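Engineer: Pasting my_file32.cif below, which is mmCIF, C-alpha atoms.
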data_target
loop_
_atom_site.label_atom_id
_atom_site.label_comp_id
_atom_site.auth_asym_id
_atom_site.auth_seq_id
_atom_site.Cartn_x
_atom_site.Cartn_y
_atom_site.Cartn_z
CA MET A 1 184.78 46.66 16.90
CA ILE A 2 187.70 46.19 19.33
CA ALA A 3 185.28 45.52 22.21
CA THR A 4 183.47 42.91 20.10
CA LEU A 5 186.77 41.21 19.29
CA ARG A 6 187.75 41.16 22.94
CA ASP A 7 184.37 39.73 23.91
CA SER A 8 184.78 37.03 21.27
CA GLN A 9 188.24 36.14 22.54
CA ALA A 10 186.98 36.04 26.12
CA PHE A 11 184.13 33.70 25.18
CA SER A 12 186.61 31.49 23.31
CA GLN A 13 188.84 31.29 26.38
CA TYR A 14 185.93 30.45 28.65
CA GLY A 15 184.75 27.88 26.14
CA ALA A 16 188.20 26.29 26.03
CA LEU A 17 188.33 26.19 29.83
CA LEU A 18 184.91 24.56 30.02
CA LYS A 19 185.93 22.02 27.38
CA SER A 20 189.14 21.20 29.26
CA PHE A 21 187.07 20.62 32.40
CA LEU A 22 184.53 18.36 30.71
CA PHE A 23 186.78 16.48 28.32
CA SER A 24 190.26 15.01 28.15
CA GLY A 25 192.56 15.97 25.27
CA ASN A 26 190.88 15.62 21.88
CA SER A 27 188.32 13.23 23.29
CA GLU A 28 184.81 14.62 23.58
CA THR A 29 183.32 11.77 25.58
CA PHE A 30 182.07 11.90 29.14
CA PRO A 31 183.38 9.13 31.44
CA ALA A 32 180.37 6.99 32.30
CA LEU A 33 180.74 6.64 36.05
CA SER A 34 182.03 10.15 36.75
CA THR A 35 179.28 11.77 34.70
CA GLY A 36 176.63 9.41 36.03
CA LEU A 37 177.71 10.15 39.60
CA VAL A 38 177.38 13.90 39.09
CA VAL A 39 173.88 13.47 37.65
CA PHE A 40 172.97 11.09 40.47
CA LEU A 41 174.22 13.49 43.17
CA ILE A 42 172.08 16.24 41.69
CA LEU A 43 169.01 13.98 41.58
CA VAL A 44 169.63 12.85 45.15
CA TYR A 45 169.86 16.48 46.25
CA ILE A 46 166.57 17.32 44.54
CA TYR A 47 164.92 14.32 46.19
CA SER A 48 166.37 15.21 49.61
CA SER A 49 165.09 18.77 49.21
CA ILE A 50 161.58 17.38 48.80
CA TYR A 51 161.98 14.77 51.55
CA PRO A 52 164.60 16.27 53.93
CA GLU A 53 164.18 13.54 56.53
CA ILE A 54 166.22 11.19 54.32
CA VAL A 55 169.33 13.32 54.92
CA GLU A 56 169.17 12.55 58.63
CA THR A 57 168.63 8.87 57.92
CA CYS A 58 171.48 8.46 55.42
CA SER A 59 174.17 10.65 56.99
CA LEU A 60 176.82 8.91 59.08
CA ALA A 61 177.09 9.15 62.88
CA PRO A 62 179.81 7.42 64.91
CA SER A 63 177.14 5.36 66.68
CA ASP A 64 175.98 3.84 63.37
CA LEU A 65 178.75 1.24 63.54
CA LEU A 66 177.56 0.01 66.94
CA SER A 67 173.94 -0.11 65.77
CA PHE A 68 175.01 -1.91 62.57
CA LYS A 69 173.67 0.79 60.24
CA LEU A 70 176.36 -0.18 57.79
CA ASN A 71 174.45 1.07 54.76
CA ASN A 72 175.29 4.58 55.91
CA LEU A 73 178.95 3.91 55.11
CA SER A 74 177.94 3.94 51.45
CA THR A 75 175.14 6.53 51.51
CA TYR A 76 176.66 9.44 53.44
CA PRO A 77 178.76 10.75 50.46
CA LEU A 78 175.63 10.98 48.31
CA PHE A 79 173.77 13.60 50.38
CA HIS A 80 174.55 17.30 50.82
CA GLU A 81 173.39 20.00 53.20
CA ASN A 82 172.68 22.70 50.63
CA ILE A 83 173.20 23.68 47.01
CA LEU A 84 176.63 25.26 47.66
CA HIS A 85 177.78 22.09 49.41
CA LEU A 86 176.73 20.08 46.37
CA LEU A 87 178.15 22.54 43.83
CA PHE A 88 181.61 22.78 45.39
CA ASN A 89 181.90 19.02 45.75
CA VAL A 90 180.75 18.28 42.20
CA VAL A 91 183.14 20.85 40.71
CA SER A 92 186.04 19.63 42.86
CA LEU A 93 185.45 15.94 42.24
CA TYR A 94 184.54 15.66 38.56
CA LYS A 95 187.92 16.30 36.92
CA PRO A 96 190.16 14.07 39.09
CA LEU A 97 187.55 11.31 39.15
CA SER A 98 187.21 11.47 35.36
CA GLU A 99 190.96 11.15 34.91
CA TYR A 100 191.08 8.24 37.35
CA GLU A 101 188.27 6.44 35.55
CA ARG A 102 189.88 6.86 32.12
CA PHE A 103 193.07 5.17 33.34
CA ASN A 104 191.57 2.59 35.70
CA GLY A 105 188.28 1.40 34.25
CA THR A 106 184.68 2.19 35.07
CA VAL A 107 183.89 -0.78 37.31
CA HIS A 108 187.22 -0.48 39.13
CA THR A 109 186.58 3.21 39.81
CA GLY A 110 183.21 2.38 41.32
CA ILE A 111 184.84 -0.16 43.63
CA VAL A 112 187.46 2.40 44.67
CA LEU A 113 184.81 5.02 45.46
CA ASN A 114 182.86 2.64 47.67
CA THR A 115 186.03 1.45 49.40
CA LEU A 116 187.23 4.99 50.12
CA ALA A 117 183.81 5.94 51.50
CA ALA A 118 183.68 2.87 53.76
CA PHE A 119 187.25 3.18 55.07
CA THR A 120 186.90 6.91 55.71
CA GLY A 121 183.56 6.39 57.44
CA VAL A 122 184.85 3.60 59.69
CA VAL A 123 187.89 5.56 60.84
CA TYR A 124 185.79 8.70 61.34
CA SER A 125 183.34 6.72 63.49
CA ILE A 126 186.06 5.08 65.60
CA ILE A 127 187.60 8.47 66.39
CA GLY A 128 184.13 9.92 66.87
CA PHE A 129 183.26 7.46 69.63
CA MET A 130 185.78 9.32 71.83
CA PHE A 131 185.67 12.93 70.65
CA TYR A 132 182.41 13.78 68.82
CA PRO A 133 179.78 11.07 69.36
CA ASN A 134 176.87 13.27 68.22
CA VAL A 135 178.38 14.80 65.08
CA LYS A 136 177.24 13.38 61.75
CA ILE A 137 178.94 13.71 58.38
CA LEU A 138 177.59 13.78 54.86
CA GLY A 139 178.80 14.86 51.43
CA SER A 140 181.37 13.73 48.88
CA SER A 141 184.17 16.04 50.01
CA GLY A 142 186.06 13.08 51.48
CA TRP A 143 186.34 11.69 47.94
CA CYS A 144 187.60 15.09 46.73
CA PHE A 145 190.42 15.15 49.27
CA SER A 146 191.29 11.51 48.61
CA PHE A 147 191.79 12.17 44.91
CA PHE A 148 193.65 15.43 45.61
CA ALA A 149 196.09 13.43 47.71
CA PHE A 150 196.27 10.61 45.18
CA PHE A 151 197.22 12.87 42.28
CA SER A 152 199.52 15.09 44.35
CA TYR A 153 201.60 12.03 45.27
CA TYR A 154 202.25 11.00 41.66
CA GLU A 155 202.63 14.57 40.49
CA SER A 156 205.34 15.18 43.08
CA PHE A 157 207.74 12.84 41.23
CA HIS A 158 207.78 15.17 38.25
CA LYS A 159 206.94 18.47 39.89
CA PRO A 160 208.21 18.39 43.50
CA ALA A 161 206.98 21.90 44.32
CA LEU A 162 204.12 24.13 43.25
CA LYS A 163 204.41 27.90 42.96
CA ILE A 164 201.87 29.83 45.01
CA SER A 165 203.50 33.13 44.10
CA SER A 166 206.72 34.34 42.51
CA ASN A 167 208.57 33.87 45.80
CA ILE A 168 206.69 31.04 47.50
CA GLU A 169 206.76 27.37 46.65
CA VAL A 170 205.26 24.46 48.57
CA PRO A 171 205.93 20.73 48.23
CA THR A 172 203.35 19.21 45.93
CA THR A 173 202.38 16.53 48.43
CA LEU A 174 201.46 19.21 50.98
CA THR A 175 198.89 20.81 48.69
CA PRO A 176 195.90 18.78 49.97
CA PHE A 177 196.78 19.82 53.54
CA ILE A 178 196.94 23.48 52.52
CA ILE A 179 193.48 23.19 50.95
CA LEU A 180 192.30 21.44 54.12
CA ILE A 181 193.53 24.28 56.35
CA LEU A 182 192.07 26.94 54.08
CA MET A 183 188.73 25.16 54.13
CA GLY A 184 188.85 25.08 57.91
CA PHE A 185 189.06 28.89 57.95
CA ILE A 186 186.63 29.53 55.11
CA VAL A 187 184.01 27.04 56.30
CA PRO A 188 184.48 26.55 60.06
CA ASN A 189 181.74 23.91 60.30
CA SER A 190 183.40 21.68 57.70
CA SER A 191 184.44 18.21 58.80
CA PHE A 192 188.17 18.77 59.29
CA ILE A 193 188.72 15.26 60.64
CA GLY A 194 186.71 13.66 57.85
CA HIS A 195 188.70 15.53 55.20
CA LEU A 196 191.98 14.65 56.89
CA ILE A 197 191.04 10.98 56.89
CA GLY A 198 190.14 11.31 53.21
CA ILE A 199 193.64 12.64 52.50
CA PHE A 200 195.17 9.75 54.44
CA PHE A 201 193.36 7.15 52.36
CA GLY A 202 194.11 9.02 49.16
CA PHE A 203 197.81 8.64 49.85
CA LEU A 204 197.29 4.98 50.74
CA LEU A 205 195.53 4.51 47.41
CA ALA A 206 198.54 6.02 45.64
CA LEU A 207 201.05 4.00 47.66
CA GLY A 208 199.36 0.70 46.89
CA PRO A 209 197.61 -0.93 49.89
CA ILE A 210 194.09 0.18 48.96
CA GLU A 211 194.78 -0.31 45.27
CA LYS A 212 195.43 -4.00 45.95
CA ILE A 213 192.26 -4.34 48.00
CA THR A 214 190.15 -2.79 45.27
CA GLU A 215 191.38 -5.08 42.51
CA PRO A 216 189.13 -8.15 42.40
CA PRO A 217 190.16 -11.02 40.13
CA PHE A 218 189.92 -10.03 36.49
CA GLN A 219 187.45 -12.84 35.80
CA ILE A 220 184.99 -11.44 38.37
CA VAL A 221 184.96 -8.00 36.79
CA GLN A 222 184.59 -9.61 33.37
CA LYS A 223 181.57 -11.53 34.62
CA ILE A 224 180.04 -8.36 36.04
CA GLU A 225 180.55 -6.59 32.74
CA GLY A 226 179.18 -9.63 30.96
CA TYR A 227 175.97 -9.43 32.97
CA LEU A 228 175.77 -5.70 32.31
CA ALA A 229 176.63 -6.04 28.60
CA PRO A 230 173.06 -5.41 27.38
CA LEU A 231 173.04 -2.11 29.29
CA ILE A 232 176.65 -1.21 28.40
CA ASN A 233 175.89 -1.72 24.72
CA LEU A 234 173.11 0.85 24.98
CA ILE A 235 175.61 3.55 25.99
CA PRO A 236 176.19 5.94 23.06
CA SER A 237 179.96 5.58 22.70
CA ASN A 238 180.22 8.79 20.69
CA TYR A 239 179.31 10.73 23.83
CA ILE A 240 179.79 8.47 26.85
CA LEU A 241 183.03 6.63 27.62
CA TYR A 242 182.69 3.27 29.32
CA VAL A 243 186.19 1.96 30.10
CA LYS A 244 186.10 -1.84 30.06
CA GLU A 245 188.33 -3.87 32.34
CA SER A 246 189.73 -5.82 29.39
CA ASP A 247 190.84 -2.55 27.76
CA ILE A 248 192.60 -1.17 30.80
CA ILE A 249 193.93 -4.06 32.88
CA SER A 250 197.39 -4.13 31.27
CA LYS A 251 197.80 -0.35 31.52
CA ARG A 252 196.45 0.33 34.99
CA HIS A 253 199.69 0.20 36.94
CA SER A 254 201.54 2.69 34.76
CA ARG A 255 198.76 5.13 34.01
CA ILE A 256 199.36 7.87 36.59
CA GLU A 257 203.13 8.05 36.23
CA ASN A 258 202.56 8.94 32.57
CA THR A 259 199.55 11.09 33.36
CA THR A 260 201.61 13.58 35.37
CA LYS A 261 204.90 13.20 33.52
CA ASN A 262 205.11 16.79 32.30
CA GLY A 263 203.85 18.36 35.52
CA GLY A 264 200.60 20.05 36.39
CA GLY A 265 197.47 18.45 37.76
CA VAL A 266 194.29 19.01 39.67
CA LEU A 267 196.15 20.73 42.49
CA ASP A 268 198.02 23.51 40.68
CA ILE A 269 197.62 26.80 42.53
CA GLY A 270 199.88 29.03 40.43
CA THR A 271 199.03 31.17 37.45
CA ASP A 272 199.12 28.30 34.96
CA LEU A 273 196.09 26.15 34.43
CA PRO A 274 196.74 22.56 35.55
CA VAL A 275 197.42 20.05 32.81
CA PHE A 276 197.22 16.30 32.63
CA HIS A 277 199.55 14.57 30.22
CA SER A 278 199.16 10.97 29.19
CA ASN A 279 201.18 8.56 27.13
CA SER A 280 198.63 5.80 27.51
CA SER A 281 197.00 4.08 24.57
CA LYS A 282 193.44 4.63 23.57
CA THR A 283 190.68 2.53 24.96
CA SER A 284 188.29 0.91 22.54
CA ASN A 285 185.45 3.23 23.45
CA SER A 286 187.33 6.53 23.24
CA SER A 287 189.67 8.68 21.29
CA ASP A 288 191.58 9.87 24.36
CA SER A 289 194.78 11.56 23.40
CA LYS A 290 198.05 12.38 25.03
CA ASN A 291 198.11 15.98 26.11
CA GLN A 292 195.10 16.85 28.17
CA PRO A 293 194.31 20.42 29.25
CA ALA A 294 192.71 20.24 32.63
CA PHE A 295 190.60 22.14 35.04
CA LYS A 296 191.74 24.11 38.04
CA GLY A 297 189.78 22.43 40.80
CA GLU A 298 188.10 24.62 43.38
CA GLY A 299 188.99 22.28 46.26
CA ASN A 300 186.06 23.70 48.19
CA VAL A 301 184.10 21.30 50.34
CA LEU A 302 181.60 21.74 53.12
CA GLY A 303 181.18 19.63 56.14
CA SER A 304 179.11 18.13 58.84
CA THR A 305 175.76 18.35 60.53
CA GLU A 306 175.12 18.00 64.20
CA GLU A 307 172.30 16.24 65.90
#
Write the structure described by the file as structure tokens, please.
Structural biologist:
Amino acid sequence: MIATLRDSQAFSQYGALLKSFLFSGNSETFPALSTGLVVFLILVYIYSSIYPEIVETCSLAPSDLLSFKLNNLSTYPLFHENILHLLFNVVSLYKPLSEYERFNGTVHTGIVLNTLAAFTGVVYSIIGFMFYPNVKILGSSGWCFSFFAFFSYYESFHKPALKISSNIEVPTTLTPFIILILMGFIVPNSSFIGHLIGIFFGFLLALGPIEKITEPPFQIVQKIEGYLAPLINLIPSNYILYVKESDIISKRHSRIENTTKNGGGVLDIGTDLPVFHSNSSKTSNSSDSKNQPAFKGEGNVLGSTEE
């Protein structure tokens, strides 16, 4: 009887953890872009397993800039070397990307993802011309590190240090670098430079320069959503959250300060599960609430392939 009760409590705890990973607060809707991206990455992996030559074609080499293979700046994050590579990146990326989408809008988040991929790829290629001309990169781990850095910056205002143990604390903004170093030891063939560049652009996104670049005029986004309206209206709003630009534009610039107000976040390493807290209003398509139990991100990413 006692064992059965313990098993029931354990399943309840695991269920609560899974729910906190998938959803935000009392909302039980999946953010449209974040969820769609995860599904798309899985489908791309299945396709690339059947036709492996596409991985070589769509990964990014430093020489691709000189040969004007600019499409690879957008395609390299979509392909993965193996199932573990895909799994770690999907688990690490989903929660921070979901939070970002809820507070920034679905179209805006898509623009940010493409911008981060392009900027990271360009800088990687420029450095690669001199130091690793034959090393290709692929995988979405650059996005993971960018969002780790982004959230660690805002979280640091309210929680300057994170406890690793009872006696050890580290500055919150250093957490992405700690994960980077650990990944270098755990997975020696990971793209250390690519991840480091991802962190750099994540901090730039938080500080403002990239944020300004990724904000097209409101009317343009409205027109895009207008063209997509027939498809958007097909989305079952009870399950899928599409965050419209008109619902989020006035809240965008204050969303993360409130999100991390009470501490916690995707980068917590201590014994407590990370928590997002939000004081933002609801969007029209969701019932997002204020206190959001969150998921302890793995932070595990794998790296590069060589020609």
Engineer: What's the separation between atom CA of A:Leu66 and atom CA of A:Gly194, in Å to one decimal place?
Structural biologist: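 Atom CA of A:Leu66 sits 18.8 Å away from atom CA of A:Gly194.
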Engineer: I'd like the interatomic distance between atom CA of A:Pro77 and atom CA of A:Leu138, to a tenth of an Å.
Structural biologist: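 A separation of 5.5 Å between them.
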Engineer: Which of these residues is nearest to A:Tyr124, using all atoms listed in the file: A:Ile137, A:Ile232, A:Ile224, A:Val39?
Structural biologist: A:Ile137
Engineer: So, counting only C-alpha atoms, which residue among A:Gly139, A:Pro230, A:Pro216, A:Pro160 is closest to A:Ile83?
Structural biologist: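 Selected residue with least distance to A:Ile83: A:Gly139.
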Engineer: Enumerate, as a list in words, the protein, DNA and RNA residues whose atoms approach (191.5, 1.4, 36.2) to within 10 Å, taking into account all atoms listed in the file and the coordinate frame of the file.
Structural biologist: Glu99, Tyr100, Glu101, Arg102, Phe103, Asn104, Gly105, Thr106, Val107, His108, Thr109, Gly110, Val112, Glu211, Glu215, Val243, Lys244, Glu245, Asp247, Ile248, Ile249, Ser250, Lys251, Arg252, His253 and Arg255 of chain A
Engineer: So which residues fall inside 12 Å of (193.3, 12.9, 57.2) if we count only C-alpha atoms? Mind giving them as an mmCIF file with C-alpha atoms, keeping the file's coordinate frame?
Structural biologist:
data_model
loop_
_atom_site.group_PDB
_atom_site.id
_atom_site.type_symbol
_atom_site.label_atom_id
_atom_site.label_comp_id
_atom_site.auth_asym_id
_atom_site.auth_seq_id
_atom_site.Cartn_x
_atom_site.Cartn_y
_atom_site.Cartn_z
ATOM 1 C CA PHE A 119 187.250 3.180 55.070
ATOM 2 C CA THR A 120 186.900 6.910 55.710
ATOM 3 C CA GLY A 121 183.560 6.390 57.440
ATOM 4 C CA VAL A 123 187.890 5.560 60.840
ATOM 5 C CA TYR A 124 185.790 8.700 61.340
ATOM 6 C CA ILE A 127 187.600 8.470 66.390
ATOM 7 C CA GLY A 142 186.060 13.080 51.480
ATOM 8 C CA TRP A 143 186.340 11.690 47.940
ATOM 9 C CA PHE A 145 190.420 15.150 49.270
ATOM 10 C CA SER A 146 191.290 11.510 48.610
ATOM 11 C CA PHE A 148 193.650 15.430 45.610
ATOM 12 C CA ALA A 149 196.090 13.430 47.710
ATOM 13 C CA PRO A 176 195.900 18.780 49.970
ATOM 14 C CA PHE A 177 196.780 19.820 53.540
ATOM 15 C CA LEU A 180 192.300 21.440 54.120
ATOM 16 C CA ILE A 181 193.530 24.280 56.350
ATOM 17 C CA SER A 191 184.440 18.210 58.800
ATOM 18 C CA PHE A 192 188.170 18.770 59.290
ATOM 19 C CA ILE A 193 188.720 15.260 60.640
ATOM 20 C CA GLY A 194 186.710 13.660 57.850
ATOM 21 C CA HIS A 195 188.700 15.530 55.200
ATOM 22 C CA LEU A 196 191.980 14.650 56.890
ATOM 23 C CA ILE A 197 191.040 10.980 56.890
ATOM 24 C CA GLY A 198 190.140 11.310 53.210
ATOM 25 C CA ILE A 199 193.640 12.640 52.500
ATOM 26 C CA PHE A 200 195.170 9.750 54.440
ATOM 27 C CA PHE A 201 193.360 7.150 52.360
ATOM 28 C CA GLY A 202 194.110 9.020 49.160
ATOM 29 C CA PHE A 203 197.810 8.640 49.850
ATOM 30 C CA LEU A 204 197.290 4.980 50.740
#
Engineer: Kindly indicate which residue among A:Leu84, A:Val55, A:Leu97, A:Met183 lies nearest to A:Gly36, using only C-alpha atoms for the distances.
Structural biologist: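 Selected residue with least distance to A:Gly36: A:Leu97.
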Engineer: Suppose you want the space between atom CA of A:Pro217 and atom CA of A:Thr115; what is it in Å?
Structural biologist: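 Answer for the atom CA of A:Pro217 to atom CA of A:Thr115 separation: 16.1 Å.
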Engineer: Running the PyMOL selection byres ((chain A and resi 78) around 8) on this model by hand, what would come out? Give it as a list in words.
Structural biologist: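 Evaluating the PyMOL selection byres ((chain A and resi 78) around 8) on these coordinates yields Leu41, Val44, Thr75, Tyr76, Pro77, Phe79, His80, Leu138, Gly139 and Ser140 of chain A.
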Engineer: List the spatial neighbours of stretch 62-65 of chain A as number ranges by chain - criterion: any atom at most 6 Å away, all atoms listed in the file, same-chain residues fewer than 6 positions off excluded.
Structural biologist: A: 125, 128-129, 133
Engineer: Using only C-alpha atoms, find the one residue out of A:Ile235, A:Ala206, A:Val170, A:Leu33 that sits nearest to A:Tyr94.
Structural biologist: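 Using only C-alpha atoms, the shortest distance to A:Tyr94 belongs to A:Leu33.
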Engineer: Extract, using only C-alpha atoms, all DNA, RNA and protein residues at most 9 Å from A:Ile240, discarding same-chain residues fewer than 2 positions from it, and format them as JSON, numbers by chain.
Structural biologist: {"A": [28, 29, 30, 31, 32, 35, 235, 236, 237, 238, 242, 285, 286]}
Engineer: Which residue gives the smallest distance to A:Ile210 among A:Leu241, A:Leu116, A:Leu234, A:Ala229, with all atoms listed in the file counted?
Structural biologist: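 Closest candidate: A:Leu116.
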Engineer: For stretch 204-214 of chain A, where the input has fewer atoms than it should, I would like all heavy atoms rebuilt and written as a PDB file, keeping the file's coordinate frame.
Structural biologist:
ATOM      1  N   LEU A 204     197.196   6.444  50.708  1.00  0.00           N
ATOM      2  CA  LEU A 204     197.290   4.980  50.740  1.00  0.00           C
ATOM      3  C   LEU A 204     196.894   4.372  49.401  1.00  0.00           C
ATOM      4  O   LEU A 204     197.477   3.373  48.967  1.00  0.00           O
ATOM      5  CB  LEU A 204     196.382   4.415  51.849  1.00  0.00           C
ATOM      6  CG  LEU A 204     196.891   4.501  53.283  1.00  0.00           C
ATOM      7  CD1 LEU A 204     195.955   3.739  54.212  1.00  0.00           C
ATOM      8  CD2 LEU A 204     198.312   3.955  53.418  1.00  0.00           C
ATOM      9  N   LEU A 205     195.923   4.976  48.747  1.00  0.00           N
ATOM     10  CA  LEU A 205     195.530   4.510  47.410  1.00  0.00           C
ATOM     11  C   LEU A 205     196.695   4.662  46.437  1.00  0.00           C
ATOM     12  O   LEU A 205     196.959   3.772  45.622  1.00  0.00           O
ATOM     13  CB  LEU A 205     194.318   5.299  46.922  1.00  0.00           C
ATOM     14  CG  LEU A 205     193.769   4.930  45.542  1.00  0.00           C
ATOM     15  CD1 LEU A 205     193.224   3.503  45.533  1.00  0.00           C
ATOM     16  CD2 LEU A 205     192.681   5.917  45.111  1.00  0.00           C
ATOM     17  N   ALA A 206     197.396   5.780  46.534  1.00  0.00           N
ATOM     18  CA  ALA A 206     198.540   6.020  45.640  1.00  0.00           C
ATOM     19  C   ALA A 206     199.702   5.091  45.962  1.00  0.00           C
ATOM     20  O   ALA A 206     200.404   4.622  45.067  1.00  0.00           O
ATOM     21  CB  ALA A 206     198.983   7.477  45.745  1.00  0.00           C
ATOM     22  N   LEU A 207     199.906   4.819  47.237  1.00  0.00           N
ATOM     23  CA  LEU A 207     201.050   4.000  47.660  1.00  0.00           C
ATOM     24  C   LEU A 207     200.836   2.515  47.412  1.00  0.00           C
ATOM     25  O   LEU A 207     201.795   1.754  47.385  1.00  0.00           O
ATOM     26  CB  LEU A 207     201.337   4.248  49.141  1.00  0.00           C
ATOM     27  CG  LEU A 207     201.922   5.631  49.458  1.00  0.00           C
ATOM     28  CD1 LEU A 207     201.885   5.888  50.961  1.00  0.00           C
ATOM     29  CD2 LEU A 207     203.348   5.748  48.936  1.00  0.00           C
ATOM     30  N   GLY A 208     199.572   2.089  47.283  1.00  0.00           N
ATOM     31  CA  GLY A 208     199.360   0.700  46.890  1.00  0.00           C
ATOM     32  C   GLY A 208     198.448  -0.156  47.744  1.00  0.00           C
ATOM     33  O   GLY A 208     197.742  -0.990  47.189  1.00  0.00           O
ATOM     34  N   PRO A 209     198.423  -0.002  49.083  1.00  0.00           N
ATOM     35  CA  PRO A 209     197.610  -0.930  49.890  1.00  0.00           C
ATOM     36  C   PRO A 209     196.139  -0.976  49.504  1.00  0.00           C
ATOM     37  O   PRO A 209     195.580  -2.059  49.341  1.00  0.00           O
ATOM     38  CB  PRO A 209     197.782  -0.370  51.318  1.00  0.00           C
ATOM     39  CG  PRO A 209     199.092   0.328  51.292  1.00  0.00           C
ATOM     40  CD  PRO A 209     199.208   0.917  49.922  1.00  0.00           C
ATOM     41  N   ILE A 210     195.506   0.168  49.325  1.00  0.00           N
ATOM     42  CA  ILE A 210     194.090   0.180  48.960  1.00  0.00           C
ATOM     43  C   ILE A 210     193.907  -0.277  47.523  1.00  0.00           C
ATOM     44  O   ILE A 210     192.942  -0.962  47.181  1.00  0.00           O
ATOM     45  CB  ILE A 210     193.475   1.571  49.167  1.00  0.00           C
ATOM     46  CG1 ILE A 210     193.498   1.929  50.652  1.00  0.00           C
ATOM     47  CG2 ILE A 210     192.052   1.626  48.639  1.00  0.00           C
ATOM     48  CD1 ILE A 210     192.895   3.263  50.972  1.00  0.00           C
ATOM     49  N   GLU A 211     194.859   0.097  46.674  1.00  0.00           N
ATOM     50  CA  GLU A 211     194.780  -0.310  45.270  1.00  0.00           C
ATOM     51  C   GLU A 211     194.688  -1.826  45.145  1.00  0.00           C
ATOM     52  O   GLU A 211     193.928  -2.364  44.344  1.00  0.00           O
ATOM     53  CB  GLU A 211     196.024   0.204  44.520  1.00  0.00           C
ATOM     54  CG  GLU A 211     195.979   0.015  43.032  1.00  0.00           C
ATOM     55  CD  GLU A 211     195.155   1.065  42.314  1.00  0.00           C
ATOM     56  OE1 GLU A 211     194.634   1.976  42.988  1.00  0.00           O
ATOM     57  OE2 GLU A 211     195.024   0.963  41.092  1.00  0.00           O
ATOM     58  N   LYS A 212     195.463  -2.532  45.992  1.00  0.00           N
ATOM     59  CA  LYS A 212     195.430  -4.000  45.950  1.00  0.00           C
ATOM     60  C   LYS A 212     194.090  -4.540  46.435  1.00  0.00           C
ATOM     61  O   LYS A 212     193.570  -5.511  45.890  1.00  0.00           O
ATOM     62  CB  LYS A 212     196.577  -4.548  46.795  1.00  0.00           C
ATOM     63  CG  LYS A 212     197.960  -4.201  46.246  1.00  0.00           C
ATOM     64  CD  LYS A 212     199.066  -4.674  47.173  1.00  0.00           C
ATOM     65  CE  LYS A 212     200.444  -4.269  46.626  1.00  0.00           C
ATOM     66  NZ  LYS A 212     201.536  -4.658  47.549  1.00  0.00           N
ATOM     67  N   ILE A 213     193.540  -3.899  47.461  1.00  0.00           N
ATOM     68  CA  ILE A 213     192.260  -4.340  48.000  1.00  0.00           C
ATOM     69  C   ILE A 213     191.142  -4.169  46.988  1.00  0.00           C
ATOM     70  O   ILE A 213     190.202  -4.976  46.927  1.00  0.00           O
ATOM     71  CB  ILE A 213     191.932  -3.556  49.294  1.00  0.00           C
ATOM     72  CG1 ILE A 213     192.954  -3.908  50.383  1.00  0.00           C
ATOM     73  CG2 ILE A 213     190.515  -3.857  49.777  1.00  0.00           C
ATOM     74  CD1 ILE A 213     192.820  -3.071  51.625  1.00  0.00           C
ATOM     75  N   THR A 214     191.239  -3.116  46.190  1.00  0.00           N
ATOM     76  CA  THR A 214     190.150  -2.790  45.270  1.00  0.00           C
ATOM     77  C   THR A 214     190.295  -3.455  43.904  1.00  0.00           C
ATOM     78  O   THR A 214     189.566  -3.104  42.969  1.00  0.00           O
ATOM     79  CB  THR A 214     190.072  -1.262  45.053  1.00  0.00           C
ATOM     80  OG1 THR A 214     191.334  -0.794  44.560  1.00  0.00           O
ATOM     81  CG2 THR A 214     189.718  -0.554  46.340  1.00  0.00           C
TER      82      THR A 214
END
